[in-house]
Each structure stands twice: as structure tokens, then as C-alpha cells.
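Shown next, in C-alpha cells, is the structure this report addresses.
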Amino acid sequence: MTDTPPPFGAFCLYWLRLGLTSFGGPAGQIAMMQSELVERRRWIDQTRFLHALNFCLLLPGPEAQQLATYVGWRLHGMRGGVVAGGLFVLPGALILLGLSWLAAAHGDTGLVGAVFDGIKPAVVAIVLAAVWRMGRRTLKGPAAVALAAAAFLGLSVLGLPFPLVIGAAAAVGGAAAWRGKDWFTHPHAPAGMAALPTDREPKPMRLPVLALLFVLLWAVPVGAVLLVFGSDPWLGIAALFTKAAFVTFGGAYAVLPYIAQQAVEVRGWLSPHAMVDGLALAETTPGPLILVTQYVGFFAGWNHPGALPPLWAGVLGAALTTHVTFLPCFLFIFAGAPYVERLIHNPMAAGTLAAIAAAVVGVILNLGVYLGLAVLLPGGQADAGAWAIMLAALYALVRRGIAIHWVVLAGAAAGLIQTLAAATL
């Protein structure tokens, strides 16, 4: 079976609809694409879809958004990739922009503050549940467990930079694969999958041209912002989120401790509690969870507006963050798509990804500890209400399989009930 390109108008409408309804994190988003693209519409065959998914799992960045970009590229070339990947992100980005303003302008007042107080412990539970699920799937042997523990200790105790931890894990996995050691198990690649011959051979000079285009698309808007508005905080936004885009292996949870440490502790763009609010909002909006970076960029502009009104500075910070966060995602797909069959069957690539996946379990645990200290032990004192919400949310996620957005909404309701009950006493 070959890919059947649909009419471009129907193609665009599908991706817009998916962008508006893509709740449930990457697993749910990928399942939605599987159901629609492979089974119902038959725009791409099952084998190519799975090969594309495995390729995207090798890359830094949000795998569901990159899978959408790859499918768009297969069906309608680069314009299809831009439309599919862009519409996958745009609706959620616009919704989160409005919610970021609500959090910045009204997050500490009245009932809005009560909602966030209930959401925060639910977010801690979501992160801990992610550690549990990913650990069960990934940590298949003592080497994987040791690597996860080393990543956690390196970040939480030694204070090592996140890119260094991920780079070290990649080196360990690659070296083990090169020596023929099966120390790590790739958690996703279907066993025995046969390679497909690609029908799109890359043209000469394709990669240098793409690299030059990427540099221009990054440098021109970033340079224009710096020229017109100065360097603070815009240069820091561009530098931090560009770097994060190149090391986001394992999803948004993996890179969030690094972003939080830089944005909260080093640069002072927002408070730890505001950071937790941003993660909660990103969990309840459509699109990839890495959109939480846009929320951080909004607060960077809002709290350091310079000569701009805070709202417009926040919008500029959010737009700049989203641009530099997702631009590399398109580069990775357009540069690597013609080589997908070679990459996903490369033992070195598989060993590297498997080791990174193991280390990411420790990285996400570090995020859970970071958020838990801020939410459950504020000022060193246990918050009984927050603990109750967190434990109930963790039970709902791990034992009952309740969807994340329902858990977040239940946390918001619990926060309101606690505040109203306290007010009547």
C-alpha cells in the first residue's frame, strides 16, 4: 500500500480539528492519529506510521507533534509538514496564551487562586504517575535502574546541568551498543519490523540548505526583537529555549527541571508556584505539553516588560518562546525524514535512545521532588490539604486510570471547596 495524499483543503481541516481536540498527552494524540490516518482515512499505511513513530522517538522534542509533521511531509511535502506540525500546536498555544494572562493578572486573587491551589498538588501526582509508568516500561535491568538513579542524583544532589546528564546517558548507551552489550531495552520499537524502502531520495546539498534556512529563520526574528526591544529578557528567552529544544529527549517532563531551575532560580522570571501553575494549564489544554515553555516565556515578559506594557511584553515573550522551541522540531523532521528507514534500524541509535529513556526516569523523579517540595512542604511545613489532593489524584491516575485532564479539573474543584469551606468557618 502506498500513501494516498488527500485534497489539501481536507488535509488542513483535519489537522486543525486535531489541534483543537488533542488532549491526553502524546499517547492519546498518537492513538488519535493512528485511528484517523491509518484505520479510517487510510492516508498512510500502518508500517510507515510505525516507522515514523520510531523515528520521532529518536529525536528531541514532542514526538506527537513531530509525527504529525512527518505525516504531513509524506503526504504534501514541506508545505504539508509545516501545516500539519503548525496546526497541531497553534490552537493550544492560543488557548494557553489566554490562560497565561489569567494566571499572571489574577492568579493570586480570590477564587482563581483557590483553583490553582487545588491544581498544584494534582500536578505533583501527575509527575509521580509518569515516573511510575515510564519506570515500569523502561527500567528492565540493573543497568537501566543504575542509570536512572545516577541521573536523579546528578541533578538533585550534584546539581549537574541537564544537557550534561542527557549527553552522558547517550554516550553510555551508544558505547554499550558499539561493544555489542544489550544493557538497555528500547521501550518502543516493535520487534522484527522489516525495513521499508524509501521512495524519496534526498537531493544533493539538501542538508546545508536546510541548515542555512534554519539559521535565518532563527536569527532574523530573534535579531529583530533584540534590535527593537533590547536584550533583557529577550536574549535569555531565545538562548534558554533554543538550547532546551535540542535536549528535550523523553518529553517535556524531562526538560522541565532544567527550565524551572533556569527560569525560577537563575533568571527570576517567575516563582516556583507560578511554574507549577503553568504545568497544570499546559496539561489541560490541547497540543504538546512542551507548550508550558510558552507560559514561562509569557511570565518572563510580563515580569520584565521594559518599556512595553506587561501584557504586550508577555505576548512577545510567549511568541518568541514558541518560535524558538518548535523551529528545531521542523528542522529535525525535514532533515531526517528521507533517512528514516536507515536511522530506526541503526543499533547505535537504538542503544542511545534506550539509555536516554532510562535516564529520563531519574530526571522526571527529580522534577517530582522539585515540585513536591514547593507544593506539599511550603516553608518546610506539611500542607495537609495539598497532601490529600495529591494522594487522591495519584490513586485516580495509577489505580483507576482516570484521564489527566479530569484529574486536574477535580483538583481545581477540591481547591475551591477547601477555600469556601475555610471561609465559612
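Here's how to read the names in the C-alpha cells: chain A, B, ... by the order shown, residue numbers from 1 in each chain, ligand numbers from 1 in the order shown.
Residues in contact with stretch 133-140 of chain A at 7 Å, where only C-alpha atoms are counted and same-chain residues fewer than 2 positions away are skipped, are listed as Ala129, Ala130, Val131, Ala144, Val145, Thr185, Pro187, Ala357, Ala358 and Val361 of chain A.
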Who sits within 7 Å of stretch 230-238 of chain A, only C-alpha atoms, same chain under 3 positions skipped, as a PyMOL selection string: chain A and resi 226-227+241-242+297+300-301+304+320-321+324
Find the residues around A:Leu164 up to 10 Å (only C-alpha atoms counted), leave out those fewer than 5 positions away in its own chain, and share them as a VMD selection string. chain A and resid 151 154 to 155 169 to 170 247
Requested write-out: C-alpha atoms of the selected residues, as a short mmCIF file (atom, residue, chain, number, x, y, z; two decimals), in the first residue's frame:
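result01.cif, freshly written:
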data_model
loop_
_atom_site.label_atom_id
_atom_site.label_comp_id
_atom_site.auth_asym_id
_atom_site.auth_seq_id
_atom_site.Cartn_x
_atom_site.Cartn_y
_atom_site.Cartn_z
CA ALA A 151 20.61 10.82 36.61
CA GLY A 154 23.41 14.01 39.37
CA LEU A 155 20.60 16.56 39.11
CA ALA A 169 23.39 8.86 29.16
CA ALA A 170 23.55 8.99 25.37
CA VAL A 247 17.98 18.33 24.52
#
Among stretch 176-349 of chain A, which ones does DSSP assign to alpha helix (DSSP H) (computed from the backbone)? Answer as a PyMOL selection string. chain A and resi 176-178+206-229+234-245+252-260+272-283+292-303+310-336+340-344+347-349
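For the pair atom CA of A:Val165 and atom CA of A:Ala244, the separation is 13.1 Å.
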Point-to-point distance in Å for atom CA of A:Trp132 and atom CA of A:Gly19: 28.1 Å
Can you tell me, as an MDAnalysis selection string, what residues are no more than 12 Å from A:Ala260 when counting only C-alpha atoms, ignoring any on the same chain fewer than 2 positions away? chainID A and resid 162 240:241 244 252:258 262:276 278:279 292:293 295:297 366:367 370:371
Which residues are near A:Gly287? Cut-off 12 Å, only C-alpha atoms, ignore same chain within fewer than 3 positions. Put them as number ranges by chain. A: 15-30, 62-66, 68, 85-96, 281-284, 290-292
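Residues with any atom within 10 Å of A:Val38, counting only C-alpha atoms and excluding same-chain neighbours fewer than 6 positions away, are A:Asp3, A:Met32, A:Ile44, A:Asp45, A:Gln46, A:Thr47, A:Arg48, A:Phe49.
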Residues within 10 Å of stretch 346-356 of chain A, please, as a PDB file with N, CA and C atoms, in the first residue's frame. Count only C-alpha atoms; anything in the same chain fewer than 4 positions from it doesn't count.
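Listed below is the output, part.pdb:
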ATOM      1  N   ASN A  54       8.746   5.552  15.429  1.00  0.00           N
ATOM      2  CA  ASN A  54      10.046   5.173  15.982  1.00  0.00           C
ATOM      3  C   ASN A  54      11.115   6.203  15.649  1.00  0.00           C
ATOM      4  N   PHE A  55      11.057   6.747  14.463  1.00  0.00           N
ATOM      5  CA  PHE A  55      11.997   7.811  14.085  1.00  0.00           C
ATOM      6  C   PHE A  55      11.830   9.022  14.998  1.00  0.00           C
ATOM      7  N   LEU A  57      10.713   9.099  17.984  1.00  0.00           N
ATOM      8  CA  LEU A  57      11.168   8.796  19.332  1.00  0.00           C
ATOM      9  C   LEU A  57      12.682   8.915  19.475  1.00  0.00           C
ATOM     10  N   LEU A  58      13.390   8.903  18.358  1.00  0.00           N
ATOM     11  CA  LEU A  58      14.840   9.101  18.393  1.00  0.00           C
ATOM     12  C   LEU A  58      15.224  10.568  18.553  1.00  0.00           C
ATOM     13  N   LEU A  59      14.263  11.469  18.345  1.00  0.00           N
ATOM     14  CA  LEU A  59      14.568  12.897  18.261  1.00  0.00           C
ATOM     15  C   LEU A  59      14.263  13.610  19.567  1.00  0.00           C
ATOM     16  N   THR A 138      10.445   1.081  31.094  1.00  0.00           N
ATOM     17  CA  THR A 138      11.803   1.355  30.632  1.00  0.00           C
ATOM     18  C   THR A 138      12.878   0.634  31.431  1.00  0.00           C
ATOM     19  N   LEU A 139      12.731   0.549  32.743  1.00  0.00           N
ATOM     20  CA  LEU A 139      13.807   0.034  33.596  1.00  0.00           C
ATOM     21  C   LEU A 139      13.728  -1.494  33.674  1.00  0.00           C
ATOM     22  N   ALA A 143      21.275  -2.259  34.797  1.00  0.00           N
ATOM     23  CA  ALA A 143      21.981  -1.133  34.185  1.00  0.00           C
ATOM     24  C   ALA A 143      21.042   0.055  34.000  1.00  0.00           C
ATOM     25  N   ALA A 144      19.815  -0.213  33.585  1.00  0.00           N
ATOM     26  CA  ALA A 144      18.839   0.862  33.388  1.00  0.00           C
ATOM     27  C   ALA A 144      18.470   1.509  34.716  1.00  0.00           C
ATOM     28  N   LEU A 147      21.343   3.681  35.828  1.00  0.00           N
ATOM     29  CA  LEU A 147      21.444   4.922  35.063  1.00  0.00           C
ATOM     30  C   LEU A 147      20.379   5.924  35.489  1.00  0.00           C
ATOM     31  N   ALA A 148      19.166   5.439  35.771  1.00  0.00           N
ATOM     32  CA  ALA A 148      18.107   6.326  36.266  1.00  0.00           C
ATOM     33  C   ALA A 148      18.494   6.925  37.614  1.00  0.00           C
ATOM     34  N   ALA A 151      21.163   9.573  37.139  1.00  0.00           N
ATOM     35  CA  ALA A 151      20.613  10.818  36.607  1.00  0.00           C
ATOM     36  C   ALA A 151      19.932  11.619  37.707  1.00  0.00           C
ATOM     37  N   VAL A 165      23.723  15.647  31.749  1.00  0.00           N
ATOM     38  CA  VAL A 165      23.163  14.366  32.172  1.00  0.00           C
ATOM     39  C   VAL A 165      22.650  13.581  30.964  1.00  0.00           C
ATOM     40  N   ILE A 166      21.920  14.255  30.090  1.00  0.00           N
ATOM     41  CA  ILE A 166      21.387  13.583  28.900  1.00  0.00           C
ATOM     42  C   ILE A 166      22.530  13.162  27.975  1.00  0.00           C
ATOM     43  N   GLY A 167      23.532  14.031  27.815  1.00  0.00           N
ATOM     44  CA  GLY A 167      24.672  13.686  26.966  1.00  0.00           C
ATOM     45  C   GLY A 167      25.445  12.498  27.498  1.00  0.00           C
ATOM     46  N   ALA A 168      25.613  12.426  28.819  1.00  0.00           N
ATOM     47  CA  ALA A 168      26.320  11.292  29.410  1.00  0.00           C
ATOM     48  C   ALA A 168      25.541   9.996  29.214  1.00  0.00           C
ATOM     49  N   ALA A 169      24.216  10.053  29.379  1.00  0.00           N
ATOM     50  CA  ALA A 169      23.393   8.857  29.164  1.00  0.00           C
ATOM     51  C   ALA A 169      23.481   8.391  27.720  1.00  0.00           C
ATOM     52  N   ALA A 170      23.443   9.340  26.781  1.00  0.00           N
ATOM     53  CA  ALA A 170      23.554   8.986  25.370  1.00  0.00           C
ATOM     54  C   ALA A 170      24.901   8.325  25.086  1.00  0.00           C
ATOM     55  N   ALA A 171      25.965   8.851  25.682  1.00  0.00           N
ATOM     56  CA  ALA A 171      27.296   8.280  25.468  1.00  0.00           C
ATOM     57  C   ALA A 171      27.378   6.859  26.018  1.00  0.00           C
ATOM     58  N   VAL A 172      26.793   6.636  27.205  1.00  0.00           N
ATOM     59  CA  VAL A 172      26.809   5.295  27.792  1.00  0.00           C
ATOM     60  C   VAL A 172      26.047   4.316  26.906  1.00  0.00           C
ATOM     61  N   GLY A 173      24.854   4.728  26.452  1.00  0.00           N
ATOM     62  CA  GLY A 173      24.059   3.848  25.607  1.00  0.00           C
ATOM     63  C   GLY A 173      24.717   3.565  24.279  1.00  0.00           C
ATOM     64  N   GLY A 174      25.299   4.597  23.662  1.00  0.00           N
ATOM     65  CA  GLY A 174      25.977   4.394  22.392  1.00  0.00           C
ATOM     66  C   GLY A 174      27.203   3.504  22.521  1.00  0.00           C
ATOM     67  N   ALA A 175      27.977   3.708  23.601  1.00  0.00           N
ATOM     68  CA  ALA A 175      29.171   2.885  23.816  1.00  0.00           C
ATOM     69  C   ALA A 175      28.797   1.426  24.060  1.00  0.00           C
ATOM     70  N   ALA A 176      27.728   1.204  24.826  1.00  0.00           N
ATOM     71  CA  ALA A 176      27.295  -0.169  25.084  1.00  0.00           C
ATOM     72  C   ALA A 176      26.862  -0.853  23.792  1.00  0.00           C
ATOM     73  N   ALA A 177      26.092  -0.133  22.964  1.00  0.00           N
ATOM     74  CA  ALA A 177      25.653  -0.716  21.693  1.00  0.00           C
ATOM     75  C   ALA A 177      26.838  -0.985  20.781  1.00  0.00           C
ATOM     76  N   TRP A 178      27.819  -0.087  20.766  1.00  0.00           N
ATOM     77  CA  TRP A 178      29.000  -0.259  19.907  1.00  0.00           C
ATOM     78  C   TRP A 178      29.787  -1.507  20.301  1.00  0.00           C
ATOM     79  N   ARG A 179      29.798  -1.816  21.603  1.00  0.00           N
ATOM     80  CA  ARG A 179      30.500  -3.005  22.086  1.00  0.00           C
ATOM     81  C   ARG A 179      29.627  -4.254  22.042  1.00  0.00           C
ATOM     82  N   GLY A 180      28.405  -4.119  21.529  1.00  0.00           N
ATOM     83  CA  GLY A 180      27.513  -5.262  21.420  1.00  0.00           C
ATOM     84  C   GLY A 180      26.855  -5.661  22.720  1.00  0.00           C
ATOM     85  N   LYS A 181      26.838  -4.761  23.702  1.00  0.00           N
ATOM     86  CA  LYS A 181      26.249  -5.061  25.007  1.00  0.00           C
ATOM     87  C   LYS A 181      24.769  -4.678  25.007  1.00  0.00           C
ATOM     88  N   ASP A 182      23.904  -5.609  25.353  1.00  0.00           N
ATOM     89  CA  ASP A 182      22.471  -5.357  25.401  1.00  0.00           C
ATOM     90  C   ASP A 182      22.069  -4.973  26.824  1.00  0.00           C
ATOM     91  N   TRP A 183      22.591  -3.841  27.291  1.00  0.00           N
ATOM     92  CA  TRP A 183      22.335  -3.410  28.654  1.00  0.00           C
ATOM     93  C   TRP A 183      20.982  -2.712  28.811  1.00  0.00           C
ATOM     94  N   PHE A 184      20.527  -2.106  27.759  1.00  0.00           N
ATOM     95  CA  PHE A 184      19.293  -1.311  27.821  1.00  0.00           C
ATOM     96  C   PHE A 184      18.316  -1.858  26.787  1.00  0.00           C
ATOM     97  N   THR A 185      17.029  -1.755  27.103  1.00  0.00           N
ATOM     98  CA  THR A 185      15.997  -2.250  26.203  1.00  0.00           C
ATOM     99  C   THR A 185      15.241  -1.074  25.637  1.00  0.00           C
ATOM    100  N   HIS A 186      15.171  -1.002  24.314  1.00  0.00           N
ATOM    101  CA  HIS A 186      14.389   0.064  23.680  1.00  0.00           C
ATOM    102  C   HIS A 186      12.922  -0.143  24.024  1.00  0.00           C
ATOM    103  N   PRO A 187      12.261   0.842  24.633  1.00  0.00           N
ATOM    104  CA  PRO A 187      10.914   0.615  25.117  1.00  0.00           C
ATOM    105  C   PRO A 187       9.829   0.686  24.062  1.00  0.00           C
ATOM    106  N   HIS A 188      10.146   1.115  22.847  1.00  0.00           N
ATOM    107  CA  HIS A 188       9.071   1.372  21.886  1.00  0.00           C
ATOM    108  C   HIS A 188       9.170   0.559  20.604  1.00  0.00           C
ATOM    109  N   ALA A 189      10.365   0.273  20.109  1.00  0.00           N
ATOM    110  CA  ALA A 189      10.492  -0.265  18.770  1.00  0.00           C
ATOM    111  C   ALA A 189       9.866  -1.648  18.666  1.00  0.00           C
ATOM    112  N   PHE A 249      14.895  15.191  25.126  1.00  0.00           N
ATOM    113  CA  PHE A 249      14.636  13.769  24.976  1.00  0.00           C
ATOM    114  C   PHE A 249      13.752  13.318  26.140  1.00  0.00           C
ATOM    115  N   GLY A 250      12.764  12.474  25.827  1.00  0.00           N
ATOM    116  CA  GLY A 250      11.911  11.949  26.888  1.00  0.00           C
ATOM    117  C   GLY A 250      10.717  12.825  27.199  1.00  0.00           C
ATOM    118  N   GLU A 341      14.332   5.214   7.374  1.00  0.00           N
ATOM    119  CA  GLU A 341      14.473   3.760   7.430  1.00  0.00           C
ATOM    120  C   GLU A 341      15.867   3.349   7.889  1.00  0.00           C
ATOM    121  N   ARG A 342      16.881   4.125   7.523  1.00  0.00           N
ATOM    122  CA  ARG A 342      18.237   3.793   7.949  1.00  0.00           C
ATOM    123  C   ARG A 342      18.422   4.055   9.437  1.00  0.00           C
ATOM    124  N   VAL A 360      15.925   9.353  31.751  1.00  0.00           N
ATOM    125  CA  VAL A 360      14.796  10.275  31.860  1.00  0.00           C
ATOM    126  C   VAL A 360      13.895   9.919  33.034  1.00  0.00           C
ATOM    127  N   VAL A 361      13.820   8.651  33.421  1.00  0.00           N
ATOM    128  CA  VAL A 361      13.039   8.279  34.598  1.00  0.00           C
ATOM    129  C   VAL A 361      13.582   9.004  35.833  1.00  0.00           C
TER     130      VAL A 361
END
What does the structure give for the distance between atom CA of A:Ile259 and atom CA of A:Phe152, in Å to one decimal? 15.9 Å
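Distance annotation: of A:Val209, A:Met390, A:Val407, A:Val315, the residue with the minimal separation from A:Ala104 is A:Val315; atom set is only C-alpha atoms.
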